[in-house]
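Q: Input data-v8.cif, format and content: mmCIF, C-alpha atoms.
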data_final
loop_
_atom_site.label_atom_id
_atom_site.label_comp_id
_atom_site.auth_asym_id
_atom_site.auth_seq_id
_atom_site.Cartn_x
_atom_site.Cartn_y
_atom_site.Cartn_z
CA MET A 131 -12.43 5.48 33.93
CA LEU A 132 -11.81 1.91 34.98
CA ALA A 133 -8.29 0.83 33.96
CA LEU A 134 -8.56 -2.60 32.42
CA PRO A 135 -5.41 -4.69 31.94
CA TRP A 136 -5.61 -4.49 28.15
CA GLN A 137 -5.81 -0.69 28.09
CA CYS A 138 -2.82 1.49 27.34
CA ALA A 139 -1.78 4.48 29.42
CA HIS A 140 -3.43 7.84 28.93
CA GLY A 141 -1.64 11.10 28.27
CA ASP A 142 -2.33 14.70 27.55
CA ALA A 143 -3.41 16.03 24.16
CA PRO A 144 -1.15 19.10 23.74
CA MET A 145 -1.87 21.67 21.10
CA MET A 146 -5.07 19.98 19.89
CA ILE A 147 -6.87 23.32 19.73
CA LEU A 148 -4.04 24.74 17.62
CA TYR A 149 -3.97 21.58 15.47
CA SER A 150 -7.70 21.75 14.79
CA PHE A 151 -7.44 25.44 13.98
CA LEU A 152 -4.58 24.90 11.54
CA LEU A 153 -6.33 21.93 9.89
CA SER A 154 -9.55 23.91 9.56
CA THR A 155 -7.67 26.86 8.08
CA ALA A 156 -5.88 24.63 5.57
CA LEU A 157 -9.18 23.06 4.47
CA LEU A 158 -10.87 26.45 4.23
CA LEU A 159 -8.10 27.94 2.12
CA SER A 160 -7.98 24.93 -0.18
CA SER A 161 -11.77 24.52 -0.42
CA PRO A 162 -12.14 26.42 -3.73
CA VAL A 163 -9.68 23.99 -5.35
CA TRP A 164 -11.45 20.94 -3.93
CA LEU A 165 -14.89 22.25 -4.91
CA TRP A 166 -13.71 22.86 -8.46
CA ARG A 167 -12.24 19.37 -8.66
CA MET A 168 -15.41 17.80 -7.25
CA LEU A 169 -17.47 19.57 -9.87
CA ARG A 170 -15.22 18.38 -12.67
CA GLN A 171 -14.19 14.88 -11.53
CA GLY A 172 -16.37 12.38 -9.76
CA ARG A 173 -13.48 10.73 -7.96
CA TYR A 174 -13.10 13.79 -5.73
CA ARG A 175 -16.74 13.47 -4.62
CA GLU A 176 -16.37 9.79 -3.81
CA GLY A 177 -16.69 9.01 -0.12
CA LEU A 178 -17.53 12.57 0.93
CA ARG A 179 -20.30 11.44 3.30
CA ASP A 180 -17.97 8.92 4.93
CA ARG A 181 -15.28 11.54 5.40
CA LEU A 182 -17.72 13.97 7.03
CA GLY A 183 -18.62 11.46 9.74
CA ILE A 184 -21.83 10.05 8.26
CA VAL A 185 -21.39 6.37 9.09
CA PRO A 186 -22.55 4.10 6.23
CA GLN A 187 -25.36 1.74 7.24
CA ARG A 188 -23.69 -1.11 5.38
CA ILE A 189 -20.82 -1.34 7.88
CA LEU A 190 -22.98 -1.35 11.02
CA SER A 191 -23.32 -4.68 12.78
CA SER A 192 -26.74 -6.01 13.69
CA SER A 193 -25.26 -7.66 16.79
CA GLU A 194 -24.12 -5.44 19.65
CA GLN A 195 -22.12 -8.35 21.04
CA GLN A 196 -19.99 -8.70 17.92
CA GLN A 197 -16.42 -7.65 18.49
CA THR A 198 -15.23 -5.05 15.97
CA ILE A 199 -11.69 -4.31 14.84
CA TRP A 200 -11.04 -1.23 12.70
CA LEU A 201 -8.03 -1.41 10.40
CA HIS A 202 -6.97 1.66 8.43
CA ALA A 203 -4.89 1.40 5.25
CA VAL A 204 -4.12 4.57 3.32
CA SER A 205 -3.96 3.44 -0.29
CA VAL A 206 -3.32 0.45 -2.53
CA GLY A 207 0.04 -0.65 -1.11
CA GLU A 208 -1.13 -0.66 2.50
CA THR A 209 -4.39 -2.36 1.55
CA VAL A 210 -2.60 -5.19 -0.24
CA ALA A 211 -0.15 -5.58 2.66
CA ALA A 212 -3.07 -5.74 5.12
CA ALA A 213 -4.86 -8.56 3.29
CA GLY A 214 -2.91 -11.34 4.98
CA LEU A 215 -3.31 -9.76 8.40
CA VAL A 216 -7.08 -9.40 7.92
CA ALA A 217 -7.29 -13.09 7.00
CA ALA A 218 -5.22 -14.03 10.06
CA LEU A 219 -7.44 -11.94 12.36
CA GLU A 220 -10.54 -13.56 10.89
CA ALA A 221 -9.11 -17.03 11.49
CA ALA A 222 -8.10 -16.21 15.07
CA LEU A 223 -11.33 -14.31 15.87
CA PRO A 224 -14.09 -16.06 13.92
CA HIS A 225 -16.84 -14.09 15.68
CA ALA A 226 -15.22 -10.67 15.22
CA ARG A 227 -15.89 -8.23 12.42
CA ILE A 228 -12.90 -6.65 10.69
CA LEU A 229 -13.67 -3.28 9.12
CA VAL A 230 -11.25 -1.59 6.73
CA SER A 231 -10.97 2.11 5.93
CA THR A 232 -8.84 3.80 3.29
CA THR A 233 -7.97 7.37 2.40
CA THR A 234 -7.64 7.23 -1.38
CA PRO A 235 -10.29 6.19 -3.95
CA THR A 236 -7.87 3.68 -5.49
CA GLY A 237 -7.26 2.10 -2.10
CA GLN A 238 -11.04 2.01 -1.57
CA ARG A 239 -11.61 0.12 -4.81
CA ILE A 240 -8.96 -2.47 -4.02
CA ALA A 241 -10.27 -2.88 -0.47
CA ARG A 242 -13.82 -3.44 -1.70
CA GLU A 243 -12.64 -6.04 -4.18
CA ARG A 244 -10.63 -7.91 -1.55
CA PHE A 245 -12.83 -7.56 1.54
CA GLY A 246 -16.30 -6.79 0.20
CA PRO A 247 -18.09 -3.42 0.18
CA ASP A 248 -20.12 -4.14 3.34
CA ARG A 249 -17.09 -3.63 5.57
CA VAL A 250 -15.07 -1.00 3.73
CA PHE A 251 -15.40 2.79 4.06
CA PHE A 252 -13.46 6.03 3.73
CA PHE A 253 -11.47 7.26 6.71
CA PRO A 254 -13.13 10.32 8.30
CA LEU A 255 -11.60 13.77 8.34
CA ASP A 256 -9.46 14.28 11.44
CA PHE A 257 -12.00 16.41 13.30
CA ALA A 258 -13.93 15.46 16.42
CA PHE A 259 -17.29 15.87 14.62
CA ALA A 260 -16.21 13.29 11.99
CA VAL A 261 -14.26 10.80 14.14
CA ARG A 262 -16.61 10.52 17.13
CA PRO A 263 -19.65 9.16 15.19
CA TYR A 264 -17.55 6.23 13.96
CA LEU A 265 -16.21 5.41 17.42
CA ARG A 266 -19.72 5.60 18.91
CA ALA A 267 -21.33 3.54 16.14
CA LEU A 268 -18.63 0.91 15.65
CA ARG A 269 -17.41 0.69 19.26
CA PRO A 270 -14.16 -0.96 18.09
CA SER A 271 -12.22 -3.12 20.51
CA LEU A 272 -9.03 -2.23 18.65
CA VAL A 273 -7.91 0.28 16.02
CA ILE A 274 -5.03 -0.80 13.76
CA LEU A 275 -3.13 1.75 11.67
CA MET A 276 -0.95 0.60 8.79
CA GLU A 277 2.66 1.85 8.48
CA SER A 278 2.74 5.50 9.61
CA GLU A 279 -0.80 6.84 9.36
CA LEU A 280 -1.02 8.79 12.63
CA TRP A 281 -3.83 11.34 12.91
CA PRO A 282 -3.76 13.41 16.13
CA ARG A 283 -7.53 13.82 16.63
CA MET A 284 -8.14 10.14 15.97
CA LEU A 285 -5.55 9.17 18.58
CA VAL A 286 -6.97 11.60 21.14
CA GLU A 287 -10.55 10.38 20.67
CA CYS A 288 -9.50 6.71 20.87
CA GLU A 289 -7.62 7.46 24.07
CA ARG A 290 -10.63 9.21 25.59
CA ALA A 291 -12.86 6.26 24.67
CA GLY A 292 -10.40 3.72 26.07
CA ILE A 293 -9.82 2.11 22.67
CA PRO A 294 -6.31 0.65 22.20
CA VAL A 295 -4.48 1.75 19.03
CA ALA A 296 -1.66 -0.17 17.36
CA VAL A 297 0.53 0.75 14.39
CA VAL A 298 1.60 -2.28 12.36
CA ASN A 299 4.16 -2.65 9.59
CA ALA A 300 5.52 0.69 10.81
CA ARG A 301 8.32 2.32 8.88
CA VAL A 302 10.11 5.65 8.58
CA SER A 303 11.54 6.49 5.17
CA ASP A 304 14.93 8.10 4.73
CA ARG A 305 13.20 11.19 3.40
CA SER A 306 10.75 11.50 6.31
CA PHE A 307 13.11 10.72 9.19
CA PRO A 308 14.89 14.12 9.38
CA ARG A 309 11.54 15.93 9.35
CA TYR A 310 10.05 13.70 12.03
CA LEU A 311 13.15 14.09 14.17
CA ALA A 312 13.02 17.88 13.89
CA LEU A 313 9.42 17.77 15.13
CA ARG A 314 10.15 15.31 17.92
CA ARG A 315 8.50 17.50 20.58
CA LEU A 316 5.24 17.34 18.63
CA TRP A 317 5.48 13.63 17.79
CA THR A 318 6.29 12.39 21.30
CA PRO A 319 2.86 13.12 22.89
CA LEU A 320 1.11 11.43 19.96
CA LEU A 321 3.31 8.34 20.01
CA ARG A 322 2.65 7.95 23.74
CA LYS A 323 -1.02 7.41 22.95
CA LEU A 324 -0.23 4.19 21.11
CA CYS A 325 -0.35 0.79 22.77
CA LEU A 326 1.87 -0.98 20.25
CA LEU A 327 4.16 0.08 17.44
CA LEU A 328 5.26 -2.92 15.38
CA ALA A 329 8.15 -1.99 13.12
CA GLN A 330 9.24 -3.54 9.84
CA SER A 331 12.94 -3.63 10.75
CA PRO A 332 15.32 -2.89 13.65
CA GLN A 333 16.30 0.35 11.91
CA ASP A 334 12.66 1.43 11.70
CA ALA A 335 12.16 0.54 15.37
CA ASP A 336 15.20 2.59 16.37
CA ARG A 337 13.98 5.55 14.35
CA TRP A 338 10.55 5.51 15.98
CA ILE A 339 12.16 5.44 19.41
CA ARG A 340 14.40 8.37 18.49
CA ILE A 341 11.33 10.26 17.26
CA GLY A 342 9.69 9.75 20.65
CA ALA A 343 7.93 6.38 20.86
CA PRO A 344 8.28 4.70 24.28
CA THR A 345 10.63 1.74 24.11
CA THR A 346 8.04 -0.36 25.95
CA ILE A 347 5.62 -0.33 23.02
CA VAL A 348 8.07 -0.76 20.12
CA ARG A 349 8.74 -4.22 18.71
CA THR A 350 10.26 -5.47 15.47
CA THR A 351 7.89 -7.95 13.83
CA GLY A 352 9.02 -7.78 10.18
CA ASN A 353 7.37 -6.68 6.99
CA LEU A 354 3.88 -7.98 6.24
CA LYS A 355 4.55 -7.60 2.52
CA TYR A 356 6.86 -10.62 2.59
CA ASP A 357 3.91 -12.82 3.54
CA SER A 358 1.67 -11.81 0.66
CA THR A 359 1.23 -14.69 -1.72
CA ALA A 360 1.20 -14.41 -5.50
CA SER A 361 -1.56 -15.90 -7.56
CA ILE A 362 -3.25 -15.11 -10.84
CA ALA A 363 -6.93 -15.21 -10.04
CA GLU A 364 -9.12 -16.45 -12.86
CA THR A 365 -10.59 -13.04 -13.67
CA PRO A 366 -12.00 -12.03 -17.07
CA LEU A 367 -8.81 -10.07 -17.76
CA VAL A 368 -6.63 -13.08 -16.99
CA ARG A 369 -8.67 -15.27 -19.32
CA LEU A 370 -8.23 -12.68 -22.05
CA LEU A 371 -4.48 -12.29 -21.55
CA ARG A 372 -3.44 -15.90 -21.09
CA PRO A 373 -3.54 -16.96 -24.77
CA TYR A 374 -1.49 -13.94 -25.80
CA LEU A 375 1.10 -13.46 -23.05
CA HIS A 376 1.58 -17.02 -21.79
CA SER A 377 2.84 -18.41 -25.07
CA ASP A 378 6.00 -18.71 -27.13
CA GLN A 379 5.86 -15.11 -28.23
CA ARG A 380 8.43 -12.40 -27.44
CA PRO A 381 9.64 -12.09 -23.82
CA VAL A 382 7.55 -9.64 -21.81
CA LEU A 383 9.02 -6.75 -19.84
CA LEU A 384 6.47 -5.13 -17.56
CA ALA A 385 7.48 -1.68 -16.33
CA GLY A 386 5.31 -1.08 -13.28
CA SER A 387 4.57 2.18 -11.43
CA THR A 388 6.66 4.26 -13.83
CA HIS A 389 7.23 7.99 -13.37
CA PRO A 390 7.98 10.79 -15.86
CA GLY A 391 11.43 10.34 -17.33
CA GLU A 392 11.48 6.55 -17.07
CA GLU A 393 9.29 5.60 -20.02
CA GLU A 394 11.62 7.38 -22.46
CA LEU A 395 14.59 5.36 -21.21
CA LEU A 396 12.73 2.07 -21.45
CA LEU A 397 11.47 2.83 -24.95
CA ARG A 398 15.08 2.97 -26.15
CA CYS A 399 15.48 -0.60 -24.90
CA ALA A 400 12.37 -1.71 -26.76
CA ALA A 401 13.85 -0.35 -29.98
CA SER A 402 17.06 -2.36 -29.53
CA THR A 403 15.63 -5.56 -28.00
CA GLN A 404 13.05 -7.98 -29.31
CA LEU A 405 10.59 -7.78 -26.44
CA GLN A 406 6.98 -7.07 -25.64
CA LEU A 407 6.87 -3.92 -23.52
CA ILE A 408 4.04 -3.16 -21.10
CA PHE A 409 3.83 0.17 -19.27
CA ALA A 410 1.81 0.62 -16.08
CA PRO A 411 2.23 4.30 -15.14
CA ARG A 412 2.06 5.02 -11.43
CA HIS A 413 -0.62 7.62 -12.07
CA PRO A 414 -3.23 6.52 -14.65
CA GLN A 415 -3.95 10.16 -15.52
CA ARG A 416 -0.59 10.12 -17.33
CA THR A 417 -1.91 7.58 -19.85
CA ALA A 418 -2.22 10.09 -22.69
CA GLN A 419 1.27 11.44 -22.00
CA VAL A 420 2.78 7.95 -22.04
CA ALA A 421 0.92 7.11 -25.26
CA ASP A 422 2.39 10.23 -26.89
CA LEU A 423 5.89 9.16 -25.85
CA ILE A 424 5.38 5.75 -27.41
CA THR A 425 4.17 7.30 -30.64
CA ALA A 426 7.13 9.69 -30.71
CA ALA A 427 9.44 6.68 -30.36
CA GLY A 428 7.96 5.21 -33.55
CA LEU A 429 5.92 2.54 -31.75
CA ASN A 430 2.18 2.01 -31.42
CA PRO A 431 0.47 2.43 -28.05
CA ILE A 432 -2.60 0.37 -27.23
CA LEU A 433 -4.53 0.98 -24.03
CA LEU A 434 -5.48 -2.04 -21.96
CA SER A 435 -9.05 -0.76 -21.64
CA HIS A 436 -9.30 -0.67 -25.46
CA TRP A 437 -7.50 -3.97 -26.05
CA ARG A 438 -9.79 -5.92 -23.75
CA LEU A 439 -12.80 -4.89 -25.89
CA ALA A 440 -11.28 -6.66 -28.90
CA PRO A 441 -8.38 -8.87 -27.72
CA ALA A 442 -5.85 -9.88 -30.34
CA PRO A 443 -2.17 -10.83 -30.47
CA LEU A 444 0.06 -7.85 -29.76
CA GLN A 445 2.10 -6.92 -32.78
CA PRO A 446 5.92 -6.39 -32.62
CA ARG A 447 5.65 -2.61 -32.59
CA GLN A 448 2.79 -2.37 -30.13
CA VAL A 449 3.27 -1.28 -26.50
CA LEU A 450 0.49 -2.12 -24.09
CA VAL A 451 -0.36 0.71 -21.66
CA VAL A 452 -2.21 -0.19 -18.46
CA ASP A 453 -4.74 2.60 -17.97
CA THR A 454 -6.72 0.83 -15.24
CA VAL A 455 -6.21 0.67 -11.47
CA GLY A 456 -5.66 -2.38 -9.29
CA GLU A 457 -4.52 -4.85 -11.96
CA LEU A 458 -0.75 -4.41 -11.86
CA ALA A 459 -0.18 -7.17 -9.30
CA VAL A 460 -1.96 -9.68 -11.54
CA LEU A 461 -0.21 -8.49 -14.69
CA TYR A 462 3.22 -9.13 -13.16
CA GLY A 463 2.34 -12.82 -13.34
CA PHE A 464 2.44 -12.64 -17.15
CA ALA A 465 5.87 -10.97 -17.34
CA THR A 466 9.20 -12.56 -18.17
CA ALA A 467 10.95 -9.84 -16.16
CA ALA A 468 9.88 -6.63 -14.45
CA PHE A 469 11.15 -3.10 -13.94
CA VAL A 470 9.90 -1.33 -10.81
CA GLY A 471 9.44 2.39 -11.39
CA GLY A 472 10.08 5.49 -9.36
CA SER A 473 13.67 4.31 -9.11
CA LEU A 474 15.48 5.69 -12.16
CA VAL A 475 14.25 9.11 -11.04
CA PRO A 476 14.41 10.38 -7.44
CA ALA A 477 10.92 9.27 -6.39
CA GLY A 478 11.95 6.71 -3.76
CA GLY A 479 10.92 3.61 -5.71
CA HIS A 480 7.96 1.28 -5.34
CA ASN A 481 7.45 -2.22 -3.98
CA PRO A 482 9.76 -4.76 -5.73
CA LEU A 483 8.17 -7.66 -3.85
CA GLU A 484 5.07 -7.60 -6.06
CA PRO A 485 6.81 -8.92 -9.19
CA ALA A 486 9.36 -11.01 -7.25
CA ARG A 487 6.56 -13.16 -5.81
CA PHE A 488 6.05 -14.59 -9.29
CA GLY A 489 9.66 -15.75 -9.43
CA ILE A 490 10.69 -13.40 -12.24
CA PRO A 491 13.87 -11.28 -12.40
CA VAL A 492 13.36 -7.73 -11.10
CA LEU A 493 15.13 -4.55 -12.17
CA MET A 494 15.21 -1.41 -10.06
CA GLY A 495 17.08 1.88 -10.34
CA GLN A 496 19.33 3.45 -7.74
CA HIS A 497 16.50 5.39 -6.02
CA ALA A 498 14.87 2.84 -3.73
CA GLU A 499 14.75 4.79 -0.47
CA ASN A 500 11.13 3.85 0.24
CA PHE A 501 12.06 0.16 0.12
CA ARG A 502 15.71 0.33 1.08
CA ASP A 503 15.79 -2.82 3.28
CA ILE A 504 13.71 -4.91 0.90
CA ALA A 505 15.73 -3.90 -2.16
CA ALA A 506 19.02 -4.59 -0.37
CA ALA A 507 17.86 -8.02 0.80
CA MET A 508 16.58 -8.95 -2.64
CA GLN A 509 19.80 -7.80 -4.27
CA ALA A 510 21.85 -9.87 -1.81
CA ALA A 511 19.70 -12.90 -2.64
CA GLY A 512 20.33 -12.41 -6.36
CA ILE A 513 16.68 -11.86 -7.31
CA LEU A 514 16.91 -8.10 -7.93
CA GLN A 515 19.34 -6.21 -10.17
CA ARG A 516 20.03 -2.52 -9.59
CA THR A 517 20.46 -0.49 -12.75
CA ASP A 518 20.94 3.06 -14.01
CA PRO A 519 20.10 4.95 -17.22
CA ALA A 520 23.46 4.18 -18.82
CA SER A 521 23.26 0.39 -18.35
CA LEU A 522 19.48 -0.02 -18.45
CA CYS A 523 19.14 -1.68 -21.85
CA ALA A 524 21.98 -4.12 -21.20
CA ASP A 525 20.48 -4.96 -17.81
CA VAL A 526 17.05 -5.49 -19.40
CA SER A 527 18.56 -8.05 -21.78
CA LEU A 528 20.30 -9.81 -18.88
CA ALA A 529 17.11 -9.87 -16.82
CA LEU A 530 15.09 -11.39 -19.65
CA ALA A 531 17.75 -14.02 -20.14
CA ALA A 532 17.93 -14.78 -16.41
CA ALA A 533 14.31 -15.93 -16.18
CA SER A 534 14.49 -19.62 -15.30
CA VAL A 535 13.26 -22.30 -12.94
CA ALA A 536 16.40 -21.79 -10.83
CA HIS A 537 15.67 -18.08 -10.46
CA ALA A 538 12.08 -18.84 -9.44
CA ALA A 539 13.36 -21.29 -6.82
CA SER A 540 15.69 -18.61 -5.41
CA ALA A 541 12.78 -16.20 -5.15
CA GLN A 542 10.65 -18.80 -3.36
CA ALA A 543 13.46 -19.48 -0.87
CA PHE A 544 13.84 -15.74 -0.28
CA PHE A 545 10.20 -15.32 0.69
CA GLN A 546 10.28 -18.36 2.95
CA GLN A 547 13.34 -16.97 4.72
CA HIS A 548 11.81 -13.53 5.35
CA GLY A 549 8.22 -14.58 6.11
CA GLY A 550 6.46 -14.81 9.44
CA ALA A 551 5.63 -11.16 10.08
CA THR A 552 1.89 -11.83 9.92
CA LYS A 553 1.97 -14.35 12.77
CA ARG A 554 4.20 -12.17 14.94
CA THR A 555 1.95 -9.18 14.31
CA LEU A 556 -1.19 -11.19 15.05
CA ASP A 557 0.19 -12.49 18.35
CA ALA A 558 1.04 -8.96 19.46
CA LEU A 559 -2.37 -7.57 18.50
CA LEU A 560 -4.31 -10.32 20.25
CA SER A 561 -2.71 -9.28 23.55
CA LEU A 562 -4.51 -5.91 23.27
CA LEU A 563 -8.00 -7.30 22.85
CA PRO A 564 -10.38 -7.59 25.81
CA PRO A 565 -12.10 -10.92 26.42
CA MET A 566 -15.29 -11.31 24.39
CA GLY A 567 -18.26 -9.74 26.15
CA GLU A 568 -16.16 -7.47 28.35
CA THR A 569 -17.07 -3.78 28.06
CA ARG A 570 -14.92 -0.76 28.31
#
Just dump the structure as structure tokens.
A:
Amino acid sequence: MLALPWQCAHGDAPMMILYSFLLSTALLLSSPVWLWRMLRQGRYREGLRDRLGIVPQRILSSSEQQQTIWLHAVSVGETVAAAGLVAALEAALPHARILVSTTTPTGQRIARERFGPDRVFFFPLDFAFAVRPYLRALRPSLVILMESELWPRMLVECERAGIPVAVVNARVSDRSFPRYLALRRLWTPLLRKLCLLLAQSPQDADRWIRIGAPTTIVRTTGNLKYDSTASIAETPLVRLLRPYLHSDQRPVLLAGSTHPGEEELLLRCAASTQLQLIFAPRHPQRTAQVADLITAAGLNPILLSHWRLAPAPLQPRQVLVVDTVGELAVLYGFATAAFVGGSLVPAGGHNPLEPARFGIPVLMGQHAENFRDIAAAMQAAGILQRTDPASLCADVSLALAAASVAHAASAQAFFQQHGGATKRTLDALLSLLPPMGETR
């Protein structure tokens, strides 16, 4: 194969036969469970054709000369983080087509809303029979993987086809690092198939190198999530909410991405503080459970899907429960202060940047391992308060009182200070692309 200057080095594909065998065995053994779920719940059937390597006609380009870039984002968080990068790629490459794949149905819905359904699809299963049809049909000039989504067969097939692969916004969580390090001998051959690995922080970069990534491909470009901008789009939901939550009513505490064990603690604060509480459970299938907890606390749950059918002012004892997907980021814009879930319980925490972009005070528990650097930087800037079960209600009161123009200005300065990752990432990616019209 002709070695073009933009191509990365090739390497062996050790243990691929064993990997495929193990993956096939795992799917075979779990197939009864998946078949049962597909029969009972439509969301498990969604995207099955895409995953099996049947390329959707809607994503095929009518022009063979059009340059294609394939970006893969696993779920909602990665999809939101990728939005700015997709826009930057479109601006820099006006004649290119940016296609986006996701793994989860929720990520798929968000991606279709943000990028349009004609260029969004489900990521194929990591088998040659599923991956190869996409590479043949799309003929991407570049494959971009968000954060740490490394699939061995995908990397091998891209290498064989001479397609450069880059990982952007790469990170290694505290929980994952020991496991990755223990499997260093397996990770090293895969990481050598990458052309670029753009890390969120120097610590992440160092961890990837220790796991086995060549130092020549690792760079620190920052976190794309700092560059995401906050806005409340004029959607039907926003028009419904604005008269009731942007007014002189009670202060609003939005508890986002909550996990079991956290709602009970926050309900105690609602009983002792005059506030409007909104719950957005991390997993919408917990809606009924959360509603039962609210009722047991002597309050009245009202589901967002029900409220929007007959909008009315929320009464003092009502707790709004978000039972829909993809609307949390917008809802943060109506809050006086926010609590970010998965942090009072050992779940690693969720993204505190989402509410902070609106300039509101943010509360987070002691478990923030998944966003350790972000949480530490926000705390140092005074725009995030760490809390624990014992001091939660007192900290909620302080957070609600701290909401001010000065706090919003501090948040804006924080994002300006930490921004720029999108441009640095874009510059690095453009160096991998062949000139327009050049073939592999």
Q: Any idea what's packed within 8 Å of segment 330-344 of chain A, counting all atoms listed in the file, ignoring anything in its chain fewer than 3 positions away? Could you give it as a PyMOL selection string?
A: chain A and resi 299-302+307+310-311+314-315+317-319+321-322+347-354
Q: Written as a PyMOL selection string, what is the full residue list that the PyMOL selection byres ((chain A and resi 552) around 9) yields on the file shown?
A: chain A and resi 214-215+218+351-357+549-551+553-557
Q: Take the PyMOL selection byres ((chain A and resi 421-435) around 12), apply it to the structure above, and return the hits as a compact mmCIF listing (two decimals) with C-alpha atoms, in the frame of the given file.
A:
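What ended up in result39.txt:
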# COMPACT_ATOMS: atom_id res chain seq x y z
CA LEU A 367 -8.81 -10.07 -17.76
CA LEU A 370 -8.23 -12.68 -22.05
CA LEU A 371 -4.48 -12.29 -21.55
CA PRO A 390 7.98 10.79 -15.86
CA GLY A 391 11.43 10.34 -17.33
CA GLU A 392 11.48 6.55 -17.07
CA GLU A 393 9.29 5.60 -20.02
CA GLU A 394 11.62 7.38 -22.46
CA LEU A 395 14.59 5.36 -21.21
CA LEU A 396 12.73 2.07 -21.45
CA LEU A 397 11.47 2.83 -24.95
CA ARG A 398 15.08 2.97 -26.15
CA CYS A 399 15.48 -0.60 -24.90
CA ALA A 400 12.37 -1.71 -26.76
CA ALA A 401 13.85 -0.35 -29.98
CA SER A 402 17.06 -2.36 -29.53
CA GLN A 406 6.98 -7.07 -25.64
CA LEU A 407 6.87 -3.92 -23.52
CA ILE A 408 4.04 -3.16 -21.10
CA PHE A 409 3.83 0.17 -19.27
CA ALA A 410 1.81 0.62 -16.08
CA PRO A 411 2.23 4.30 -15.14
CA PRO A 414 -3.23 6.52 -14.65
CA GLN A 415 -3.95 10.16 -15.52
CA ARG A 416 -0.59 10.12 -17.33
CA THR A 417 -1.91 7.58 -19.85
CA ALA A 418 -2.22 10.09 -22.69
CA GLN A 419 1.27 11.44 -22.00
CA VAL A 420 2.78 7.95 -22.04
CA HIS A 436 -9.30 -0.67 -25.46
CA TRP A 437 -7.50 -3.97 -26.05
CA ARG A 438 -9.79 -5.92 -23.75
CA LEU A 439 -12.80 -4.89 -25.89
CA ALA A 440 -11.28 -6.66 -28.90
CA PRO A 441 -8.38 -8.87 -27.72
CA ALA A 442 -5.85 -9.88 -30.34
CA PRO A 443 -2.17 -10.83 -30.47
CA LEU A 444 0.06 -7.85 -29.76
CA GLN A 445 2.10 -6.92 -32.78
CA PRO A 446 5.92 -6.39 -32.62
CA ARG A 447 5.65 -2.61 -32.59
CA GLN A 448 2.79 -2.37 -30.13
CA VAL A 449 3.27 -1.28 -26.50
CA LEU A 450 0.49 -2.12 -24.09
CA VAL A 451 -0.36 0.71 -21.66
CA VAL A 452 -2.21 -0.19 -18.46
CA ASP A 453 -4.74 2.60 -17.97
CA THR A 454 -6.72 0.83 -15.24
CA VAL A 455 -6.21 0.67 -11.47
CA GLU A 457 -4.52 -4.85 -11.96
CA LEU A 458 -0.75 -4.41 -11.86
CA LEU A 461 -0.21 -8.49 -14.69
Q: Within 8 Å of (13.8, 10.3, -12.0) in the file's own coordinates, which protein, DNA or RNA residues have an atom, counting all atoms listed in the file? List them as a ChimeraX atom specification.
A: /A:389-392,472-477
Q: Using only C-alpha atoms, which of the listed residues (A:Glu289, A:Gly495, A:Phe501, A:Ala385) sits closest to Ala520 of chain A?
A: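 Nearest candidate to Ala520 of chain A out of A:Glu289, A:Gly495, A:Phe501, A:Ala385: A:Gly495.
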Q: Which of these residues is nearest to Pro282 of chain A, using all atoms listed in the file: A:Arg305, A:Lys323, A:Arg369, A:His537?
A: A:Lys323
Q: Hey, can you check how far atom CA of Leu268 of chain A sits from atom CA of Ile228 of chain A?
A: 10.7 Å
Q: Restricting the calculation to all atoms listed in the file: of A:Ser534, A:Tyr462, A:Leu265, A:Ala296, which residue gets closest to Val368 of chain A?
A: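 Selected residue with least distance to Val368 of chain A: A:Tyr462.
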Q: Report the distance between atom CA of Thr517 of chain A and atom CA of Leu375 of chain A in Å, rounded to one decimal place.
A: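 Spanning atom CA of Thr517 of chain A to atom CA of Leu375 of chain A is a straight-line distance of 25.5 Å.
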Q: I want to know what sits within 12 Å of Met284 of chain A, based on all atoms listed in the file, with residues of the same chain fewer than 5 positions away left out; could you give that as a PyMOL selection string?
A: chain A and resi 143+146+150+202+253-265+273-275+279+289-291+293-295+320+323-324
Q: Given the choices A:His480, A:Cys523, A:Gln404, A:Leu384, which gets closest to Ala468 of chain A if the distance is worked out from only C-alpha atoms?
A: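 Among the listed residues, A:Leu384 lies closest to Ala468 of chain A.
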Q: Might you spell out which residues the PyMOL selection byres ((chain A and resi 209) around 9) would select in the displayed file, as a compact mmCIF listing (two decimals) with C-alpha atoms, keeping the file's coordinate frame?
A:
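Output below, filename selection.txt:
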# COMPACT_ATOMS: atom_id res chain seq x y z
CA HIS A 202 -6.97 1.66 8.43
CA ALA A 203 -4.89 1.40 5.25
CA VAL A 204 -4.12 4.57 3.32
CA SER A 205 -3.96 3.44 -0.29
CA VAL A 206 -3.32 0.45 -2.53
CA GLY A 207 0.04 -0.65 -1.11
CA GLU A 208 -1.13 -0.66 2.50
CA VAL A 210 -2.60 -5.19 -0.24
CA ALA A 211 -0.15 -5.58 2.66
CA ALA A 212 -3.07 -5.74 5.12
CA ALA A 213 -4.86 -8.56 3.29
CA VAL A 230 -11.25 -1.59 6.73
CA THR A 232 -8.84 3.80 3.29
CA GLY A 237 -7.26 2.10 -2.10
CA GLN A 238 -11.04 2.01 -1.57
CA ILE A 240 -8.96 -2.47 -4.02
CA ALA A 241 -10.27 -2.88 -0.47
CA ARG A 244 -10.63 -7.91 -1.55
CA MET A 276 -0.95 0.60 8.79
Q: Looking at all atoms listed in the file, which of A:Arg239, A:Ala543, A:Pro366, A:Ser303 is the one that sits closest to Asn500 of chain A?
A: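 Once distances to Asn500 of chain A are computed over all atoms listed in the file, the minimum belongs to A:Ser303.
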